[in-house]
file data02.txt (compact mmCIF, C-alpha atoms)
# COMPACT_ATOMS: atom_id res chain seq x y z
CA MET A 253 50.59 47.37 67.48
CA PHE A 254 49.11 44.10 68.74
CA ASP A 255 50.55 41.30 66.59
CA ILE A 256 48.60 38.16 67.51
CA ASN A 257 50.85 35.90 65.41
CA PHE A 258 53.98 37.14 67.20
CA ILE A 259 52.30 36.75 70.58
CA ARG A 260 51.12 33.21 69.88
CA GLU A 261 54.65 32.25 68.80
CA GLU A 262 55.89 33.50 72.18
CA PHE A 263 53.71 31.02 74.07
CA PRO A 264 54.69 27.33 73.76
CA ILE A 265 51.32 26.28 75.18
CA THR A 266 49.59 27.38 71.97
CA LYS A 267 51.20 24.43 70.20
CA LYS A 268 49.90 21.78 72.60
CA CYS A 269 47.44 19.18 71.34
CA PHE A 270 45.36 16.58 73.15
CA ASN A 271 43.55 13.46 72.05
CA VAL A 272 39.80 14.00 72.44
CA TYR A 273 36.89 11.61 72.66
CA GLY A 274 35.49 10.48 69.33
CA SER A 275 38.37 11.79 67.19
CA GLU A 276 41.44 10.05 65.80
CA THR A 277 43.19 13.38 65.30
CA PRO A 278 44.65 15.27 68.29
CA ARG A 279 43.04 18.65 68.74
CA ASN A 280 44.85 21.89 69.49
CA LEU A 281 44.29 23.11 73.04
CA ILE A 282 42.07 26.18 73.39
CA TYR A 283 42.96 27.62 76.77
CA LEU A 284 40.22 29.78 78.27
CA ASP A 285 41.12 29.58 81.94
CA HIS A 286 43.32 32.67 82.23
CA GLY A 287 41.21 33.86 85.16
CA ALA A 288 42.73 30.98 87.14
CA SER A 289 46.31 30.93 85.84
CA THR A 290 48.20 32.15 82.80
CA HIS A 291 51.07 30.44 81.00
CA PRO A 292 54.55 31.99 80.91
CA CYS A 293 55.79 33.08 77.51
CA GLN A 294 59.15 31.95 76.14
CA ARG A 295 60.84 35.21 77.12
CA VAL A 296 59.82 34.69 80.74
CA LEU A 297 60.75 31.01 80.68
CA ASN A 298 64.19 31.88 79.29
CA LYS A 299 64.78 34.40 82.06
CA TYR A 300 63.63 31.94 84.71
CA ILE A 301 65.76 29.08 83.40
CA ASP A 302 68.78 31.32 82.87
CA PHE A 303 68.72 32.33 86.52
CA ILE A 304 68.35 28.75 87.74
CA LYS A 305 71.17 27.52 85.47
CA ASN A 306 73.66 30.35 85.75
CA TYR A 307 73.08 32.58 88.79
CA TYR A 308 71.35 30.43 91.38
CA ALA A 309 72.30 31.86 94.78
CA ASN A 310 70.66 33.49 97.76
CA VAL A 311 70.29 37.27 97.91
CA HIS A 312 71.70 39.80 100.37
CA ARG A 313 73.90 37.09 101.88
CA GLY A 314 77.25 36.72 100.13
CA ARG A 315 80.06 38.58 98.42
CA HIS A 316 80.73 36.01 95.72
CA PHE A 317 79.79 36.57 92.07
CA LEU A 318 76.66 34.44 92.05
CA SER A 319 75.18 36.02 95.15
CA MET A 320 75.96 39.55 93.96
CA ILE A 321 74.37 38.93 90.53
CA SER A 322 71.36 37.23 92.11
CA THR A 323 70.93 40.17 94.48
CA GLU A 324 71.17 42.69 91.64
CA LEU A 325 68.55 40.85 89.57
CA PHE A 326 66.27 40.46 92.59
CA ASP A 327 66.51 44.11 93.66
CA ARG A 328 65.56 45.24 90.16
CA VAL A 329 62.22 43.47 90.61
CA TYR A 330 60.99 46.16 92.98
CA GLU A 331 61.81 48.89 90.48
CA THR A 332 59.95 47.06 87.70
CA ILE A 333 56.82 46.66 89.82
CA PHE A 334 56.92 50.28 91.01
CA ASN A 335 57.12 51.44 87.40
CA PHE A 336 54.41 49.07 86.18
CA ILE A 337 51.84 50.31 88.71
CA LYS A 338 53.13 53.92 88.55
CA ALA A 339 53.88 54.06 92.26
CA ASP A 340 55.98 56.37 94.44
CA LYS A 341 58.83 54.32 95.92
CA ASN A 342 59.81 56.95 98.50
CA GLU A 343 56.64 56.79 100.57
CA ASN A 344 55.72 53.18 99.84
CA ALA A 345 57.20 49.70 99.80
CA ILE A 346 56.66 46.52 97.84
CA ILE A 347 56.75 43.21 99.69
CA LEU A 348 57.33 40.11 97.60
CA THR A 349 55.12 37.20 98.63
CA SER A 350 54.19 33.73 97.44
CA ASN A 351 50.62 34.50 96.32
CA THR A 352 47.85 37.11 96.43
CA THR A 353 46.14 35.39 99.36
CA THR A 354 49.22 35.93 101.53
CA ALA A 355 49.48 39.56 100.43
CA LEU A 356 45.84 40.20 101.31
CA ASP A 357 46.18 38.48 104.68
CA MET A 358 49.20 40.69 105.40
CA VAL A 359 47.01 43.76 105.13
CA ALA A 360 44.36 42.24 107.39
CA CYS A 361 47.15 41.49 109.86
CA PHE A 362 48.77 44.94 109.67
CA MET A 363 45.41 46.71 110.07
CA GLN A 364 44.16 44.44 112.85
CA GLY A 365 45.09 46.83 115.66
CA THR A 366 43.52 49.86 113.98
CA ASP A 367 40.20 50.98 115.40
CA GLY A 368 37.20 50.35 113.14
CA ILE A 369 35.65 47.72 110.91
CA THR A 370 36.50 46.45 107.45
CA LEU A 371 34.02 46.85 104.60
CA VAL A 372 34.20 43.99 102.11
CA SER A 373 32.24 43.78 98.86
CA LEU A 374 30.01 40.80 98.13
CA MET A 375 31.87 40.54 94.83
CA GLU A 376 35.09 39.40 96.48
CA HIS A 377 37.15 36.31 96.02
CA HIS A 378 37.29 34.51 99.37
CA SER A 379 40.94 35.55 99.73
CA ASN A 380 39.85 39.18 100.12
CA ASP A 381 37.06 38.33 102.54
CA LEU A 382 37.95 35.50 104.91
CA PRO A 383 41.28 36.99 106.16
CA HIS A 384 39.40 40.10 107.29
CA ARG A 385 36.70 38.02 108.98
CA HIS A 386 39.38 36.15 110.91
CA ARG A 387 41.08 39.32 112.13
CA GLY A 388 38.19 41.61 113.05
CA LYS A 389 34.66 42.75 112.37
CA VAL A 390 33.52 42.77 108.75
CA LEU A 391 30.49 44.31 107.08
CA HIS A 392 29.65 43.52 103.47
CA PHE A 393 28.39 45.99 100.92
CA GLY A 394 26.28 44.68 98.11
CA VAL A 395 26.02 44.39 94.37
CA ASN A 396 23.35 45.51 91.91
CA PRO A 397 21.06 43.15 89.94
CA ASP A 398 23.24 43.55 86.83
CA GLY A 399 26.30 42.31 88.73
CA THR A 400 27.93 45.71 89.22
CA LEU A 401 29.10 47.04 92.57
CA GLY A 402 26.55 48.68 94.90
CA MET A 403 28.17 52.10 95.30
CA ALA A 404 25.17 53.58 97.16
CA ASP A 405 25.35 50.78 99.75
CA LEU A 406 29.10 51.31 100.11
CA GLU A 407 28.70 55.06 100.64
CA GLN A 408 25.92 54.58 103.19
CA LYS A 409 27.95 52.08 105.22
CA LEU A 410 31.06 54.27 105.09
CA LYS A 411 29.10 57.14 106.57
CA SER A 412 27.23 55.15 109.22
CA ASN A 413 30.17 53.10 110.56
CA LYS A 414 33.70 53.72 111.77
CA VAL A 415 35.56 52.06 108.90
CA LYS A 416 39.30 51.47 108.85
CA LEU A 417 39.58 49.61 105.56
CA VAL A 418 37.60 49.02 102.37
CA ALA A 419 38.58 45.71 100.73
CA VAL A 420 37.53 45.45 97.11
CA THR A 421 38.55 43.65 93.94
CA GLY A 422 39.95 45.55 90.99
CA ALA A 423 37.98 43.26 88.66
CA SER A 424 35.63 40.38 89.37
CA ASN A 425 36.82 36.86 88.64
CA VAL A 426 33.19 35.88 87.95
CA THR A 427 31.81 38.61 85.67
CA GLY A 428 34.98 40.53 84.87
CA PHE A 429 33.34 43.74 86.16
CA LEU A 430 35.92 46.53 86.31
CA VAL A 431 35.59 48.36 89.62
CA ASP A 432 36.23 52.12 89.75
CA ILE A 433 38.89 51.69 92.43
CA HIS A 434 39.87 55.36 92.46
CA LYS A 435 36.31 56.49 93.10
CA ILE A 436 36.11 54.04 95.99
CA ALA A 437 39.51 55.19 97.27
CA LYS A 438 38.28 58.79 97.32
CA LEU A 439 35.13 57.78 99.22
CA ALA A 440 37.19 55.74 101.69
CA HIS A 441 39.65 58.56 102.32
CA GLU A 442 36.87 61.11 102.79
CA ASN A 443 35.52 58.88 105.55
CA GLY A 444 38.84 58.19 107.29
CA ALA A 445 39.41 54.71 105.83
CA ARG A 446 42.05 53.14 103.64
CA ILE A 447 41.53 50.96 100.58
CA LEU A 448 42.89 47.52 99.73
CA VAL A 449 42.61 46.40 96.11
CA ASP A 450 42.80 42.73 95.19
CA ALA A 451 44.34 43.14 91.73
CA ALA A 452 44.85 39.45 90.97
CA GLN A 453 42.51 39.68 87.98
CA LEU A 454 43.44 43.24 87.03
CA LEU A 455 47.23 43.27 86.80
CA ALA A 456 47.72 41.68 83.36
CA HIS A 457 44.69 43.20 81.64
CA LYS A 458 44.64 46.96 82.12
CA GLN A 459 47.00 49.88 82.70
CA ILE A 460 47.50 50.42 86.44
CA ASP A 461 48.10 53.76 88.16
CA VAL A 462 47.91 53.70 91.96
CA LYS A 463 48.39 57.52 91.95
CA PRO A 464 50.55 59.62 94.33
CA ASN A 465 49.90 59.29 98.06
CA SER A 466 48.64 62.88 98.14
CA ASP A 467 45.95 62.16 95.54
CA PRO A 468 42.45 61.59 97.03
CA GLY A 469 42.07 58.59 94.70
CA HIS A 470 45.37 56.99 95.75
CA ILE A 471 45.35 53.22 96.29
CA ASP A 472 46.77 52.45 99.75
CA PHE A 473 47.26 48.71 99.40
CA PHE A 474 47.51 46.80 96.12
CA ALA A 475 48.02 43.03 95.85
CA ALA A 476 48.58 40.82 92.82
CA ALA A 477 50.25 37.62 91.64
CA GLY A 478 52.50 36.56 88.81
CA HIS A 479 50.66 33.36 87.94
CA LYS A 480 47.79 35.48 86.59
CA ALA A 481 50.21 37.71 84.69
CA TYR A 482 52.18 35.21 82.56
CA ALA A 483 54.76 34.36 85.22
CA PRO A 484 55.37 31.08 87.10
CA PHE A 485 53.52 30.04 90.23
CA GLY A 486 54.75 31.28 93.59
CA SER A 487 55.49 34.94 92.90
CA ALA A 488 53.29 37.81 94.06
CA PHE A 489 53.53 41.21 95.73
CA LEU A 490 51.92 43.66 98.12
CA PHE A 491 52.25 47.42 97.63
CA GLY A 492 51.54 49.60 100.66
CA PRO A 493 52.49 52.73 102.65
CA ARG A 494 55.74 52.68 104.60
CA GLU A 495 54.11 54.45 107.54
CA ILE A 496 52.11 51.28 108.18
CA LEU A 497 54.47 48.60 106.88
CA ASP A 498 57.50 49.90 108.77
CA ARG A 499 55.77 49.98 112.15
CA ALA A 500 53.97 46.64 111.84
CA VAL A 501 55.38 43.56 113.52
CA PRO A 502 56.97 41.35 110.82
CA TYR A 503 54.40 39.10 109.21
CA VAL A 504 56.76 36.11 109.70
CA PRO A 505 59.70 37.02 111.96
CA GLY A 506 62.95 35.29 111.16
CA GLY A 507 66.07 35.41 109.06
CA GLY A 508 66.31 38.55 106.96
CA THR A 509 63.71 40.55 108.93
CA VAL A 510 66.17 42.09 111.38
CA MET A 511 69.12 44.46 111.45
CA PHE A 512 70.57 42.96 114.65
CA VAL A 513 69.71 40.39 117.31
CA SER A 514 71.21 40.09 120.78
CA GLU A 515 70.48 37.53 123.45
CA ASP A 516 67.87 39.81 124.98
CA ASP A 517 66.68 42.10 122.19
CA TYR A 518 66.44 42.70 118.44
CA VAL A 519 65.94 45.51 115.92
CA TYR A 520 63.69 44.81 112.95
CA ALA A 521 64.60 46.00 109.46
CA ASN A 522 62.47 48.38 107.44
CA SER A 523 60.24 47.18 104.62
CA PRO A 524 60.39 45.20 102.44
CA GLU A 525 62.94 43.06 104.32
CA ARG A 526 60.89 43.46 107.51
CA HIS A 527 58.15 41.23 106.07
CA GLN A 528 60.18 38.89 103.87
CA GLY A 529 61.38 36.33 106.36
CA GLY A 530 63.52 33.51 105.03
CA THR A 531 64.72 32.89 101.50
CA PRO A 532 62.35 34.43 98.94
CA ASN A 533 61.28 32.90 95.65
CA ILE A 534 64.09 34.66 93.82
CA ALA A 535 63.62 32.98 90.46
CA GLY A 536 59.86 33.54 90.59
CA ALA A 537 60.26 37.22 91.43
CA ILE A 538 62.71 37.74 88.56
CA ALA A 539 60.30 35.97 86.21
CA LEU A 540 57.41 38.15 87.44
CA ALA A 541 59.40 41.28 86.64
CA GLU A 542 60.19 39.89 83.18
CA SER A 543 56.52 39.17 82.51
CA LEU A 544 55.58 42.75 83.46
CA SER A 545 58.30 44.02 81.11
CA PHE A 546 56.87 41.79 78.38
CA LEU A 547 53.39 43.23 78.92
CA SER A 548 54.81 46.76 78.85
CA THR A 549 56.50 45.99 75.53
CA ILE A 550 53.18 44.90 74.03
CA GLY A 551 51.47 47.93 75.56
CA MET A 552 48.67 47.61 78.11
CA ASP A 553 46.32 49.69 75.96
CA ASN A 554 46.84 47.17 73.15
CA VAL A 555 46.24 44.29 75.56
CA ARG A 556 43.01 45.91 76.70
CA GLU A 557 41.69 46.56 73.20
CA HIS A 558 42.37 42.98 72.12
CA GLU A 559 40.46 41.70 75.11
CA ILE A 560 37.51 44.04 74.48
CA GLU A 561 37.34 42.83 70.88
CA LEU A 562 37.24 39.18 71.96
CA THR A 563 34.71 39.84 74.71
CA GLU A 564 32.34 41.85 72.52
CA TYR A 565 32.43 39.16 69.86
CA ALA A 566 31.96 36.33 72.35
CA LEU A 567 29.03 38.01 74.10
CA LYS A 568 27.35 38.61 70.74
CA ARG A 569 27.79 35.02 69.58
CA LEU A 570 26.77 33.50 72.92
CA LYS A 571 23.27 34.82 72.25
CA GLU A 572 23.03 32.14 69.57
CA ILE A 573 23.22 29.37 72.18
CA PRO A 574 19.80 27.97 73.11
CA ASP A 575 18.83 28.44 76.76
CA ILE A 576 22.11 30.12 77.79
CA ASN A 577 22.20 32.34 80.87
CA VAL A 578 25.19 34.70 81.06
CA LEU A 579 25.64 35.89 84.65
CA GLY A 580 25.68 39.66 85.00
CA SER A 581 24.78 42.24 82.39
CA ILE A 582 27.96 44.25 81.95
CA PRO A 583 29.12 45.88 78.68
CA SER A 584 32.44 44.66 77.32
CA ARG A 585 34.19 48.00 77.95
CA ASN A 586 33.28 47.79 81.63
CA ARG A 587 34.59 44.29 82.13
CA LEU A 588 37.59 42.08 81.59
CA GLY A 589 37.42 39.12 79.20
CA VAL A 590 35.64 36.97 81.77
CA ILE A 591 32.26 35.42 80.94
CA THR A 592 30.38 33.06 83.25
CA PHE A 593 27.28 31.17 82.18
CA ASN A 594 24.98 28.18 82.49
CA ILE A 595 23.12 26.31 79.75
CA GLY A 596 19.60 25.48 80.87
CA ASP A 597 19.59 22.94 83.66
CA LEU A 598 22.80 21.24 82.53
CA ASN A 599 25.29 20.65 85.32
CA ASN A 600 28.25 23.02 85.10
CA GLY A 601 30.67 20.15 85.62
CA LEU A 602 29.15 18.23 82.75
CA VAL A 603 29.46 21.21 80.39
CA ALA A 604 33.11 21.75 81.36
CA ASN A 605 33.87 18.04 80.95
CA ILE A 606 32.35 17.89 77.48
CA LEU A 607 34.26 20.99 76.38
CA ASN A 608 37.48 19.43 77.62
CA ASN A 609 36.99 15.79 76.63
CA GLU A 610 35.50 16.42 73.19
CA GLY A 611 36.97 19.81 72.25
CA ALA A 612 40.25 20.24 74.20
CA ILE A 613 38.78 23.50 75.52
CA ALA A 614 40.03 24.48 78.97
CA THR A 615 37.45 26.33 81.07
CA ARG A 616 36.73 26.64 84.77
CA ASN A 617 33.54 25.56 86.50
CA GLY A 618 32.12 25.72 90.00
CA ARG A 619 31.78 28.77 92.21
CA PHE A 620 35.21 30.34 91.59
CA CYS A 621 35.99 31.02 95.28
CA ALA A 622 33.35 33.77 95.20
CA HIS A 623 30.35 31.94 96.64
CA PRO A 624 28.26 34.91 97.88
CA TYR A 625 28.56 36.76 94.55
CA LEU A 626 27.73 33.69 92.48
CA SER A 627 24.75 32.83 94.69
CA PHE A 628 23.45 36.36 94.17
CA LEU A 629 23.91 36.24 90.39
CA MET A 630 22.25 32.84 90.14
CA GLY A 631 19.33 33.90 92.31
CA ARG A 632 20.15 31.17 94.82
CA GLU A 633 18.78 31.77 98.31
CA ASP A 634 19.82 28.46 99.83
CA SER A 635 23.24 29.41 101.24
CA ALA A 636 22.15 28.79 104.84
CA GLU A 637 20.81 25.37 103.87
CA ILE A 638 24.05 24.50 102.04
CA ILE A 639 26.06 25.50 105.13
CA ARG A 640 23.81 23.39 107.37
CA ARG A 641 24.10 20.31 105.17
CA LEU A 642 27.87 20.62 104.77
CA LYS A 643 28.34 21.00 108.51
CA ASN A 644 26.31 17.83 108.94
CA GLY A 645 28.84 16.02 106.77
CA GLU A 646 26.67 15.63 103.67
CA LYS A 647 28.36 15.39 100.29
CA PHE A 648 26.45 16.95 97.40
CA ASP A 649 26.81 19.27 94.43
CA ILE A 650 26.54 22.88 95.62
CA GLY A 651 25.96 24.12 92.07
CA GLY A 652 27.88 26.63 90.03
CA ALA A 653 28.54 27.84 86.53
CA VAL A 654 31.07 27.64 83.69
CA ARG A 655 33.63 30.39 83.08
CA ILE A 656 35.66 31.31 80.03
CA SER A 657 38.41 33.89 80.48
CA PHE A 658 40.56 35.32 77.71
CA GLY A 659 44.27 35.95 77.55
CA LEU A 660 46.83 37.52 75.25
CA TYR A 661 46.99 34.72 72.71
CA ASN A 662 43.30 33.88 72.28
CA THR A 663 41.70 34.54 68.89
CA ILE A 664 38.34 35.16 67.24
CA GLU A 665 38.67 31.75 65.53
CA GLU A 666 38.93 30.08 68.93
CA VAL A 667 35.77 31.86 70.05
CA ASP A 668 33.96 30.55 66.95
CA TYR A 669 34.99 27.00 67.75
CA VAL A 670 33.84 27.32 71.36
CA ILE A 671 30.46 28.63 70.20
CA ASP A 672 30.07 25.62 67.90
CA MET A 673 30.84 23.30 70.81
CA LEU A 674 28.38 25.07 73.11
CA LYS A 675 25.66 24.82 70.46
CA MET A 676 26.31 21.09 70.28
CA ILE A 677 26.05 20.83 74.07
CA ALA A 678 22.89 22.95 74.22
CA ASN A 679 21.31 20.62 71.65
CA ARG A 680 22.36 17.56 73.72
CA LYS A 681 24.45 16.08 70.92
CA TRP A 682 27.66 15.23 72.76
CA LYS A 683 29.39 11.99 71.82
CA ALA A 684 30.21 10.23 75.09
CA ASP A 685 27.98 8.83 77.81
CA TYR A 686 29.08 10.95 80.76
CA GLU A 687 27.23 8.80 83.24
CA LYS A 688 29.98 6.23 82.67
CA SER A 689 33.17 6.93 84.54
CA ASP A 690 35.40 5.49 81.81
CA VAL A 691 34.82 8.47 79.49
CA TYR A 692 36.82 10.70 81.81
CA PHE A 693 40.41 10.61 80.74
CA ASN A 694 43.06 9.71 83.25
CA CYS A 695 45.99 12.09 82.88
CA LYS A 696 48.43 9.24 82.35
CA ASP A 697 46.35 8.06 79.38
CA VAL A 698 46.23 11.44 77.59
CA VAL A 699 48.69 11.61 74.71
CA LEU A 700 50.30 15.02 74.39
CA SER A 701 51.67 16.21 71.07
CA ALA A 702 52.69 19.34 69.21
CA SER A 703 50.62 20.74 66.38
call {"tool": "encode", "arguments": {"input": "data02.txt", "output": "C-alpha cells"}}
result
Amino acid sequence: MFDINFIREEFPITKKCFNVYGSETPRNLIYLDHGASTHPCQRVLNKYIDFIKNYYANVHRGRHFLSMISTELFDRVYETIFNFIKADKNENAIILTSNTTTALDMVACFMQGTDGITLVSLMEHHSNDLPHRHRGKVLHFGVNPDGTLGMADLEQKLKSNKVKLVAVTGASNVTGFLVDIHKIAKLAHENGARILVDAAQLLAHKQIDVKPNSDPGHIDFFAAAGHKAYAPFGSAFLFGPREILDRAVPYVPGGGTVMFVSEDDYVYANSPERHQGGTPNIAGAIALAESLSFLSTIGMDNVREHEIELTEYALKRLKEIPDINVLGSIPSRNRLGVITFNIGDLNNGLVANILNNEGAIATRNGRFCAHPYLSFLMGREDSAEIIRRLKNGEKFDIGGAVRISFGLYNTIEEVDYVIDMLKMIANRKWKADYEKSDVYFNCKDVVLSAS
C-alpha cells in the first residue's frame, strides 16, 4: 500500500518553507525537480550520518573494528544493487562510481577497441552521447513526431552498419518516454551489438529486471545514480559483463586496482576493484543501498502507480492553461512523471522564475542536457546557427522549455496549486516586474522556515 502521509513524513524537505514575492506568509516548497535530483529520506540520512559518526574508515585496508565494519557495510552494497535490478552476480560485476556520466564514459572507454560504430538515440542526455563521440564513430537514430523512439530507424541502421553498441536511455529526461529497452536489446543482440542503458531517470520509478545473460533481451550495461533515487550526491554504479570488465584496462589505474606491483610489472585485480581506483565514496554507496531498500519496502509497483496517477491528472489539468504547448504526445502509462512545456511565447526562464519567486515551486528550465531532442520537439531548425554564433563568442538565449518532474512525496493538491499558478502566468498576472533585477532573490536574503 502506498501511504502518502507516511512517505511525506519520511522526507524532511516537505516541511521547508520559503518567503515569496508579494506574500507576508512563507509558502511551503513544492518540489517538482526530481528529474534533476531527489532528496534523501530520513531513513537514508540516518544511515549516512550513522556511518560518518560511528564507522568512518576506509574499506579493504585494515584489520581494526572500524575498517572491518566499514568493509562489511560497503560490500553489502553490491548485493543490494544486484537484487534491485534482478541481475546475475556470477557473470556480471557492479562498479561503484561517482555519477552516471562517469559510468557511461566507462562503457565508451571499455568498448573503444571493439570493431564497429555506436548507435546513439537522438533522445539521449548528453552524457550518453558525447562520451561515445569522443571515443569513436557515432550514428544517431531518430525519434517520431510524438516524441517516441524511432524503432524503424534503429532497426534499419543496425542492419546496414557494423554496430558494436546501442546507447539508449531507459526513460527520457525531457518527455519521460519509457523506452522498451528489452526489445532494443534483442534487436542489438540479433545484429551482433551490445546495449548500454542510461537508467538515471529510470532507477527510482519503475521495477528493473536486466534479465539473465542468456536471455535475448538481456541488458549488457546499465548505469544509474543515487542522487536521482533518494540518495546523496556522489554515488552511482555501472552494471556490466565480467568478460568485458575483467579484460579492460582499469578506467583509472591506481591504489586498489591491483593484486600486486613489482618494480617492473603489475597484476590488475578483477572487477569491481579493477575499476575502482582510490578511496570510494563509502558513505554515499551505503546510502544508495539504503535508498534502494527503502524503495523496495514501498514497492516499485506502488511507486509506479502513484506516479501514473499524478501524471494523468497533471496532463488533464494542463489542458486548462491558455496557449500551453506540452512537448511530446505520450500517454501517462508510457512515460515517467516528467512533463515539459512552454506557455505561448513566454521565456522559459521567466516562467520558472515566477513559479519559484511567487509560488515556491521548484521546476527546471532550459534544454535539460538533451539539446538535439528538445530542438526536434520544439520544431527548431536553427541548431547550426546556434553553434556558429556560440563559436563566435556571442552570448544569447538559446531557448528551451519548463519541466516538472514528480517524485514519491508529490500530491494531487500540489498539482492543483501549480495549475493555478500557471493559469496566472498564462494570463500575464504575475506580481513582480521581472525586468528589474531586484525581484530575483539572493540566496542569503531568503528566509527558510519549517511549516
call {"tool": "residues_around", "arguments": {"input": "data02.txt", "residues": "Tyr482 of chain A", "least_positions_apart": "6", "cutoff": "8 Å", "atoms": "only C-alpha atoms", "output": "list in words"}}
result
Ser289, Thr290, His291, Pro292, Cys293, Val296, Ala456, Leu540 and Ser543 of chain A
call {"tool": "atom_distance", "arguments": {"input": "data02.txt", "atom1": "atom CA of Pro383 of chain A", "atom2": "atom CA of Phe474 of chain A"}}
result
15.4 Å
call {"tool": "closest_residue", "arguments": {"input": "data02.txt", "among": "A:Phe628, A:Phe648, A:Phe546, A:Phe593", "to": "Thr615 of chain A", "atoms": "only C-alpha atoms"}}
result
A:Phe593
call {"tool": "residues_around", "arguments": {"input": "data02.txt", "residues": "Leu318 of chain A", "least_positions_apart": "3", "cutoff": "8 Å", "atoms": "only C-alpha atoms", "output": "PyMOL selection string"}}
result
chain A and resi 307-309+321-322
call {"tool": "residues_near_point", "arguments": {"input": "data02.txt", "point": "(49.9, 42.9, 96.8)", "cutoff": "7 Å", "atoms": "all atoms listed in the file", "output": "ChimeraX atom specification"}}
result
/A:352,355-356,473-476,488-491
call {"tool": "residues_around", "arguments": {"input": "data02.txt", "residues": "segment 530-536 of chain A", "least_positions_apart": "6", "cutoff": "8 Å", "atoms": "only C-alpha atoms", "output": "list in words"}}
result
Tyr300, Phe303, Ile304, Asn310, Val311, Ser322, Phe326, Leu348, Thr349, Ser350, Ala483, Pro484, Phe485, Gly486, Ser487, Gly506, Gly507 and Gly508 of chain A
call {"tool": "residues_around", "arguments": {"input": "data02.txt", "residues": "Leu607 of chain A", "least_positions_apart": "4", "cutoff": "10 Å", "atoms": "all atoms listed in the file", "output": "PyMOL selection string"}}
result
chain A and resi 272+282+601-603+611-615+670+673-674+677+682
call {"tool": "atom_distance", "arguments": {"input": "data02.txt", "atom1": "atom CA of Asp340 of chain A", "atom2": "atom CA of Pro505 of chain A"}}
result
26.4 Å
call {"tool": "closest_residue", "arguments": {"input": "data02.txt", "among": "A:Ala653, A:Gly287, A:His457, A:Tyr686", "to": "Leu547 of chain A", "atoms": "all atoms listed in the file"}}
result
A:His457
call {"tool": "atom_distance", "arguments": {"input": "data02.txt", "atom1": "atom CA of Asp467 of chain A", "atom2": "atom CA of Met363 of chain A"}}
result
21.2 Å
call {"tool": "residues_near_point", "arguments": {"input": "data02.txt", "point": "(54.8, 45.0, 78.0)", "cutoff": "12 Å", "atoms": "all atoms listed in the file", "output": "PyMOL selection string"}}
result
chain A and resi 253-254+259+293+295-296+332+335-336+455-459+481-482+540-556+660
call {"tool": "decode", "arguments": {"input": "data02.txt", "residues": "segment 457-496 of chain A", "atoms": "C-alpha atoms", "output": "tab-separated table (two decimals), in the first residue's frame"}}
result
chain	number	residue	atom	x	y	z
A	457	HIS	CA	10.48	5.00	-10.86
A	458	LYS	CA	9.91	1.50	-12.22
A	459	GLN	CA	10.73	-2.12	-11.45
A	460	ILE	CA	14.02	-3.09	-13.12
A	461	ASP	CA	14.91	-6.53	-14.47
A	462	VAL	CA	18.09	-6.70	-16.57
A	463	LYS	CA	17.33	-10.40	-17.27
A	464	PRO	CA	19.81	-13.33	-17.35
A	465	ASN	CA	22.79	-13.07	-19.70
A	466	SER	CA	21.37	-15.91	-21.78
A	467	ASP	CA	18.11	-14.04	-22.41
A	468	PRO	CA	17.94	-12.31	-25.85
A	469	GLY	CA	16.53	-9.22	-24.10
A	470	HIS	CA	19.33	-9.07	-21.51
A	471	ILE	CA	20.75	-5.61	-20.73
A	472	ASP	CA	24.54	-5.70	-21.14
A	473	PHE	CA	25.42	-2.40	-19.49
A	474	PHE	CA	23.21	-0.48	-17.06
A	475	ALA	CA	24.17	2.84	-15.43
A	476	ALA	CA	22.39	4.89	-12.78
A	477	ALA	CA	22.96	7.31	-9.91
A	478	GLY	CA	21.83	7.66	-6.33
A	479	HIS	CA	21.07	11.37	-6.46
A	480	LYS	CA	18.07	10.60	-8.69
A	481	ALA	CA	16.99	7.76	-6.39
A	482	TYR	CA	16.69	9.50	-2.99
A	483	ALA	CA	20.35	9.12	-2.02
A	484	PRO	CA	23.06	11.78	-1.56
A	485	PHE	CA	25.16	13.19	-4.37
A	486	GLY	CA	28.28	11.33	-5.46
A	487	SER	CA	27.09	7.73	-5.55
A	488	ALA	CA	26.36	5.81	-8.75
A	489	PHE	CA	27.03	2.45	-10.39
A	490	LEU	CA	27.72	0.62	-13.62
A	491	PHE	CA	26.50	-2.94	-14.18
A	492	GLY	CA	28.20	-4.93	-16.93
A	493	PRO	CA	29.54	-8.32	-18.09
A	494	ARG	CA	32.70	-9.64	-16.45
A	495	GLU	CA	34.01	-10.89	-19.78
A	496	ILE	CA	34.46	-7.26	-20.82
